[in-house]
Amino acid sequence: MMAAERGASRNTLAAYRRDLEQAAQMVRGTLGDADAADLRKLMADYRSLAASSAARKLSALRQFFAFLLDEGDRTDNPALDIARPATQRPLPRILTHDDVERLFAQAGEEAAGATPPAHAVRMLLLLELLYGSGLRASELVSLPRRAVAGGREFLIIRGKGDKERLVPLSERSRETLDRWLPLLTDTSPWLFPSGKAHLSRVRLFQMLRELAARSGIDPAAISPHVLRHAFATHLLEGGADLRALQLMLGHADIATTEIYTHVDSRRLVELVNRRHPLARMEDVDLNAPSS
C-alpha cells in the first residue's frame, strides 16, 4: 500500500519495514493484535532513543494499524492513544558565503587549465549542482545522462516518492557540464558513473570533506545536505519566493521549506521597513489638510 498508493521511496519502505519488524519482536503475541497497553510498553522501551526516532517508530505503528482498520482486520487504531514524543526540529547547518567561495575557488583552481584531470572537473560539477540546484545527494549521484538532454536549462529530477520535478540549471553549471560530458568515454547511462553503477552517496560525502580540507574549512562542517541547506538559505536571502523554493527542493509540504526562514529574519525586517506601504508614508504629514 505504501509503495502503490502513496509512492513511498525505497528508503521510506525500508525504514517502515525495520520499525515494524522490530516492534513485532518486542510485543507479546502478534503485532496486529496488540492493544494500547502493549504499545505503551513498547514506546517505553524506546525512551533511550532520540525523540525523533521514537516519533518515527510511532508514526509507522499508527499507519500500520490504520491500514488494518481500513482493511477490516481491526475495529480500532490503538496507536492513536499513544502520545507522540515531543520533538524539536533541528535548524539546518549552513555555510557562510565566504565558505562557499573558498570551496568553489579550490575546486575551480583544481579544474583549471586546458587539460584538467577528469576527477577535478567532476568535483567542480558536483559542487555546482549541489549548491547551484539544491539537489539531494541521492538525486545527484543517480542522475542519468538523459536528465541533461536538450537545451539543458533544466534538470529532470526524480526525487522522493518517485516524483519528477524540474530544477533550473545555472549558467555556471551548464558551462561545467559542457566540460564534463566529453570526458565521459564509457557507455554508462549515468552522468557520474563509477564501476558498474553510479557514484555512491558515501563517496560523494568523502570527496566533499576532502575538498573542504584542501580549502581550509573544517571537514566536519561539510556534507551534501549542508550545501543543499546553503542553496535554500542563500536564495531566500536574495529574495527568492518561498513557494518557488519549495518546488525546486521537491518538498511535499511547504512547512518543511519554512524552516529556512529562521536565518533570514533580519532580511524580513528590512523588507517590511523598505517595502511596506507605511514605510513610504514616513515623510507624509498625516495631520496636513487634504486637498
# chains A, B, ... in the order shown; residues from 1 in each chain; ligands from 1

call {"tool": "select_by_dssp", "arguments": {"residues": "segment 129-183 of chain A", "states": "strand (DSSP E or B)", "output": "PyMOL selection string"}}
result
chain A and resi 144+154-158+164-168

call {"tool": "residues_around", "arguments": {"residues": "segment 71-84 of chain A", "least_positions_apart": "6", "cutoff": "12 Å", "atoms": "only C-alpha atoms", "output": "VMD selection string"}}
result
chain A and resid 1 31 to 44 46 to 47 51 to 65

call {"tool": "select_by_dssp", "arguments": {"residues": "segment 50-216 of chain A", "states": "helix (DSSP H, G or I)", "output": "JSON, numbers by chain"}}
result
{"A": [51, 52, 53, 54, 55, 56, 57, 58, 59, 60, 61, 62, 63, 64, 65, 66, 67, 68, 69, 70, 78, 79, 80, 81, 97, 98, 99, 100, 101, 102, 103, 104, 105, 106, 107, 108, 109, 110, 118, 119, 120, 121, 122, 123, 124, 125, 126, 127, 128, 129, 130, 131, 132, 133, 137, 138, 139, 140, 141, 145, 146, 147, 148, 160, 161, 162, 171, 172, 173, 174, 175, 176, 177, 178, 179, 180, 181, 182, 183, 201, 202, 203, 204, 205, 206, 207, 208, 209, 210, 211, 212, 213, 214]}

call {"tool": "closest_residue", "arguments": {"among": "A:Pro277, A:Gly134, A:Gly216, A:Pro144", "to": "Met248 of chain A", "atoms": "only C-alpha atoms"}}
result
A:Gly134

call {"tool": "closest_atom_pairs", "arguments": {"of": "segment 112-200 of chain A", "to": "segment 231-245 of chain A", "cutoff": "8 Å", "atoms": "only C-alpha atoms", "output": "CSV"}}
result
residue,atom,partner,partner_atom,distance
A:Leu130,CA,A:Phe231,CA,7.8
A:Tyr131,CA,A:Phe231,CA,5.1
A:Gly132,CA,A:Phe231,CA,6.6
A:Ser133,CA,A:Phe231,CA,7.2
A:Gly134,CA,A:Phe231,CA,5.5

call {"tool": "residues_around", "arguments": {"residues": "Arg122 of chain A", "least_positions_apart": "3", "cutoff": "10 Å", "atoms": "only C-alpha atoms", "output": "JSON, numbers by chain"}}
result
{"A": [107, 111, 117, 118, 119, 125, 126, 127, 128, 176, 177, 179, 180, 181, 183, 191, 192]}

call {"tool": "atom_distance", "arguments": {"atom1": "atom CA of Leu208 of chain A", "atom2": "atom CA of Ser9 of chain A"}}
result
25.3 Å

call {"tool": "closest_residue", "arguments": {"among": "A:Arg6, A:Ala50, A:His225, A:Ala15", "to": "Leu135 of chain A", "atoms": "only C-alpha atoms"}}
result
A:His225

call {"tool": "atom_distance", "arguments": {"atom1": "atom CA of Tyr16 of chain A", "atom2": "atom CA of Leu227 of chain A"}}
result
27.8 Å

call {"tool": "closest_residue", "arguments": {"among": "A:Gly250, A:Thr187, A:Met123, A:Gly7", "to": "Ile156 of chain A", "atoms": "only C-alpha atoms"}}
result
A:Gly250

call {"tool": "residues_around", "arguments": {"residues": "Gln206 of chain A", "least_positions_apart": "6", "cutoff": "12 Å", "atoms": "only C-alpha atoms", "output": "list in words"}}
result
Met123, Leu199, Ser200, Ala212, Ala213, Pro219, Ala220, Ile222, Ser223 and Pro224 of chain A

call {"tool": "closest_residue", "arguments": {"among": "A:Phe205, A:His251, A:Leu124, A:Asp45", "to": "Lys160 of chain A", "atoms": "only C-alpha atoms"}}
result
A:His251

call {"tool": "closest_residue", "arguments": {"among": "A:Met2, A:Val27, A:Val100, A:Leu155", "to": "Ser170 of chain A", "atoms": "only C-alpha atoms"}}
result
A:Leu155
